[in-house]
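To start, the structure itself, in structure tokens.
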Amino acid sequence: MTQAADDPVLLVHAYCDGELDPANALALERRMAEDPRLAAERDRILALKRALAKIKPAALPPAALRGRVERAVGMRRAAPRPTWGAVAASIALAAVVSSGATWSLLGPTQSALVSDEVLGSHISALIADRPYDVASSDQHTVKPWFNSHTIESPRVVDLKDDGFPLLGGRIDVIAKTPVPTLVYGYQKHRISVTETQGLGAPPAARETGGYHLIGWTDGGVSYWAVSDVGLGELQQFVKLFRAAPTSQ
Amino acid sequence: MSDERTRFANVVLPHLGDAYALARWIARNESDAEDIVQEACLRAFRGISGFGDVNARGWVLSIVRNTAYTWLKKHRDPKLVAVENVEDVADAATGWDQGPAAPDAGLIERADAARLEAAIGALPDEFRETLVLRELQGLDYRAIAEVTGVPIGTVMSRLARARRRLIALLREDDK
């Protein structure tokens, strides 16, 4: 501090930052009045501060970040339902309910409950405006990302040439279990593919409120593909996904 | 919710925006910033019982800052992270000689936000974090000293040199 106190330039900065007590500020004002170099320094600093004030406050963190943090510390895992509850407030769900074909009417089987949660995760990820925790079109980036997040790494395939580019991946919590979900694009739509093990067999196909779900099981792993694309496109996607070679 | 989670929600979550902004300035990349904030929040959560109820924002920011540098060291090519030893650099902030081309205050003030952001991004880490904490996050010298773990005198000299460099960069742009 002694060094700083001896240095008039640092004191001018401190003055401009409002860090000087009145006595020191007054003394420095006298020095600046006598020394044009100090006064010029003050003018430059104040001009820079005014220019910097034009920088907009930093962008708010993406909505998904808060969810990630809450999941990381276990605030969400214990109660995945509220996520779904928040989604319930959305127009999307109002459409689902009013369609009269809600999955809950089909009986509270585990398959239907898991379908609900898979769909809920897909919708809430879209609402969050960031359908993935890791954004990458490179399967060699996405797969290791899952590996490093302590859950089973999903089967990742490259369908870019078929019009379904890989966009990224996220971790969903289904039946209180973190599971991997891949996100593919199709034109402006998103397709979520969630992998589960030991949560029961998925339904072959469901349609509700404008969303299609197609499920299948390969090698003991269940897949749930959800999207608002047309049924034909989703079927095409699933066909390609199942036929594509798995990346290593 | 458990006590720790309630405490975490009250102490850490309100500062998520500041945490993200700081991480973004340090990492200069949005997706890295998110990973850093998540990791910092986990650290904060684990250490929440040791937080003494004084200046939650400063506490959170210092965790974010330390996490960011550890994270960058781990995930980025060390050659890219290695910074010049700024304290030894000879462009002493206190030197008078700005040269005949020292831009006048009006020119500095007219710099637009995008140009300034690029110039801030080009500053060495120590200068950038000090400037961001002061000018964009509004911390006072004492708080900056606590977050960055250096004496106030160092904060003052870093800040002065950061501003000098910014002004010099704006001048180069203008040529």
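Following the order of the structure tokens, first chain is A, next is B, and so on, with residues numbered from 1 inside each chain and ligands from 1 in the order they appear.
Distance criterion 7 Å to chain A, applied with only C-alpha atoms, yields B:Arg5, B:Gly17, B:Tyr20, B:Ala21, B:Glu34, B:Gln38, B:Cys41, B:Leu42, B:Phe45, B:Thr94, B:Asp104, B:Ala105, B:Gly106, B:Ile108, B:Glu109, B:Arg110, B:Ala111, B:Ala113, B:Ile152, B:Gly153, B:Met156, B:Ser157, B:Ala160 on chain B.
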Can you pull out the residues contacting Glu233 (chain A)? Cut-off 12 Å, using only C-alpha atoms, and skip same-chain residues under 5 positions away; I want them as a PDB file with N, CA and C atoms, in the first residue's frame.
ATOM      1  N   ASP A 162     -28.182 -38.088 -43.568  1.00  0.00           N
ATOM      2  CA  ASP A 162     -29.584 -38.434 -43.792  1.00  0.00           C
ATOM      3  C   ASP A 162     -30.511 -37.289 -43.391  1.00  0.00           C
ATOM      4  N   GLY A 163     -29.929 -36.153 -43.009  1.00  0.00           N
ATOM      5  CA  GLY A 163     -30.761 -34.999 -42.652  1.00  0.00           C
ATOM      6  C   GLY A 163     -31.087 -34.906 -41.180  1.00  0.00           C
ATOM      7  N   PHE A 164     -30.430 -35.757 -40.357  1.00  0.00           N
ATOM      8  CA  PHE A 164     -30.672 -35.711 -38.913  1.00  0.00           C
ATOM      9  C   PHE A 164     -29.351 -35.452 -38.194  1.00  0.00           C
ATOM     10  N   GLY A 185     -31.281 -33.079 -34.751  1.00  0.00           N
ATOM     11  CA  GLY A 185     -32.105 -32.073 -35.395  1.00  0.00           C
ATOM     12  C   GLY A 185     -32.752 -32.652 -36.643  1.00  0.00           C
ATOM     13  N   TYR A 186     -33.885 -32.095 -36.986  1.00  0.00           N
ATOM     14  CA  TYR A 186     -34.471 -32.398 -38.286  1.00  0.00           C
ATOM     15  C   TYR A 186     -35.157 -31.123 -38.741  1.00  0.00           C
ATOM     16  N   GLN A 187     -34.599 -30.456 -39.735  1.00  0.00           N
ATOM     17  CA  GLN A 187     -35.041 -29.122 -40.100  1.00  0.00           C
ATOM     18  C   GLN A 187     -35.055 -28.258 -38.832  1.00  0.00           C
ATOM     19  N   HIS A 189     -36.815 -28.913 -36.165  1.00  0.00           N
ATOM     20  CA  HIS A 189     -37.315 -29.703 -35.044  1.00  0.00           C
ATOM     21  C   HIS A 189     -36.178 -30.356 -34.270  1.00  0.00           C
ATOM     22  N   ARG A 190     -36.521 -30.811 -33.088  1.00  0.00           N
ATOM     23  CA  ARG A 190     -35.566 -31.547 -32.267  1.00  0.00           C
ATOM     24  C   ARG A 190     -36.117 -32.938 -32.012  1.00  0.00           C
ATOM     25  N   ILE A 191     -35.214 -33.892 -32.034  1.00  0.00           N
ATOM     26  CA  ILE A 191     -35.598 -35.256 -31.686  1.00  0.00           C
ATOM     27  C   ILE A 191     -34.727 -35.678 -30.501  1.00  0.00           C
ATOM     28  N   HIS A 212     -44.829 -37.226 -30.897  1.00  0.00           N
ATOM     29  CA  HIS A 212     -44.787 -38.660 -31.145  1.00  0.00           C
ATOM     30  C   HIS A 212     -43.689 -39.271 -30.311  1.00  0.00           C
ATOM     31  N   LEU A 213     -43.949 -40.487 -29.835  1.00  0.00           N
ATOM     32  CA  LEU A 213     -42.919 -41.233 -29.129  1.00  0.00           C
ATOM     33  C   LEU A 213     -42.844 -42.608 -29.773  1.00  0.00           C
ATOM     34  N   ILE A 214     -41.637 -43.022 -30.117  1.00  0.00           N
ATOM     35  CA  ILE A 214     -41.447 -44.368 -30.639  1.00  0.00           C
ATOM     36  C   ILE A 214     -40.422 -45.053 -29.742  1.00  0.00           C
ATOM     37  N   ALA A 225     -37.629 -42.436 -28.441  1.00  0.00           N
ATOM     38  CA  ALA A 225     -37.404 -41.293 -29.329  1.00  0.00           C
ATOM     39  C   ALA A 225     -38.652 -40.407 -29.291  1.00  0.00           C
ATOM     40  N   VAL A 226     -38.474 -39.113 -28.968  1.00  0.00           N
ATOM     41  CA  VAL A 226     -39.599 -38.194 -28.834  1.00  0.00           C
ATOM     42  C   VAL A 226     -39.373 -36.978 -29.716  1.00  0.00           C
ATOM     43  N   SER A 227     -40.424 -36.538 -30.386  1.00  0.00           N
ATOM     44  CA  SER A 227     -40.300 -35.328 -31.188  1.00  0.00           C
ATOM     45  C   SER A 227     -41.664 -34.830 -31.627  1.00  0.00           C
ATOM     46  N   ASP A 228     -41.657 -33.595 -32.110  1.00  0.00           N
ATOM     47  CA  ASP A 228     -42.890 -33.079 -32.704  1.00  0.00           C
ATOM     48  C   ASP A 228     -42.837 -33.164 -34.228  1.00  0.00           C
ATOM     49  N   VAL A 238     -35.953 -43.387 -36.714  1.00  0.00           N
ATOM     50  CA  VAL A 238     -35.709 -44.570 -35.881  1.00  0.00           C
ATOM     51  C   VAL A 238     -35.114 -45.699 -36.721  1.00  0.00           C
ATOM     52  N   LYS A 239     -35.643 -45.842 -37.935  1.00  0.00           N
ATOM     53  CA  LYS A 239     -35.132 -46.890 -38.824  1.00  0.00           C
ATOM     54  C   LYS A 239     -33.632 -46.673 -39.081  1.00  0.00           C
ATOM     55  N   LEU A 240     -33.277 -45.421 -39.401  1.00  0.00           N
ATOM     56  CA  LEU A 240     -31.880 -45.098 -39.680  1.00  0.00           C
ATOM     57  C   LEU A 240     -31.011 -45.264 -38.427  1.00  0.00           C
TER      58      LEU A 240
END
Within chain B, find each residue whose DSSP state, derived from the backbone, is helix (DSSP H, G or I), and express the selection as a count of residues only. 129
From region 169-230 of chain A, collect each residue whose DSSP state is strand (DSSP E) and return the set as JSON, numbers by chain. {"A": [169, 170, 171, 172, 173, 174, 177, 178, 179, 180, 181, 182, 183, 184, 185, 186, 189, 190, 191, 192, 193, 194, 195, 196, 205, 206, 207, 208, 211, 212, 213, 214, 215, 216, 217, 218, 221, 222, 223, 224, 225, 226, 227]}
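CA of Ala40 (chain B) to CA of Val60 (chain B) spans 8.1 Å [interatomic distance, one decimal].
Taking CA of Val12 (chain B) and CA of Asp53 (chain B) as endpoints, the distance between them is 11.3 Å.
Shortest separation to Thr130 (chain B) among B:Arg165, B:Arg142, B:Arg171, B:Arg158 occurs at residue B:Arg158, atoms counted being only C-alpha atoms.
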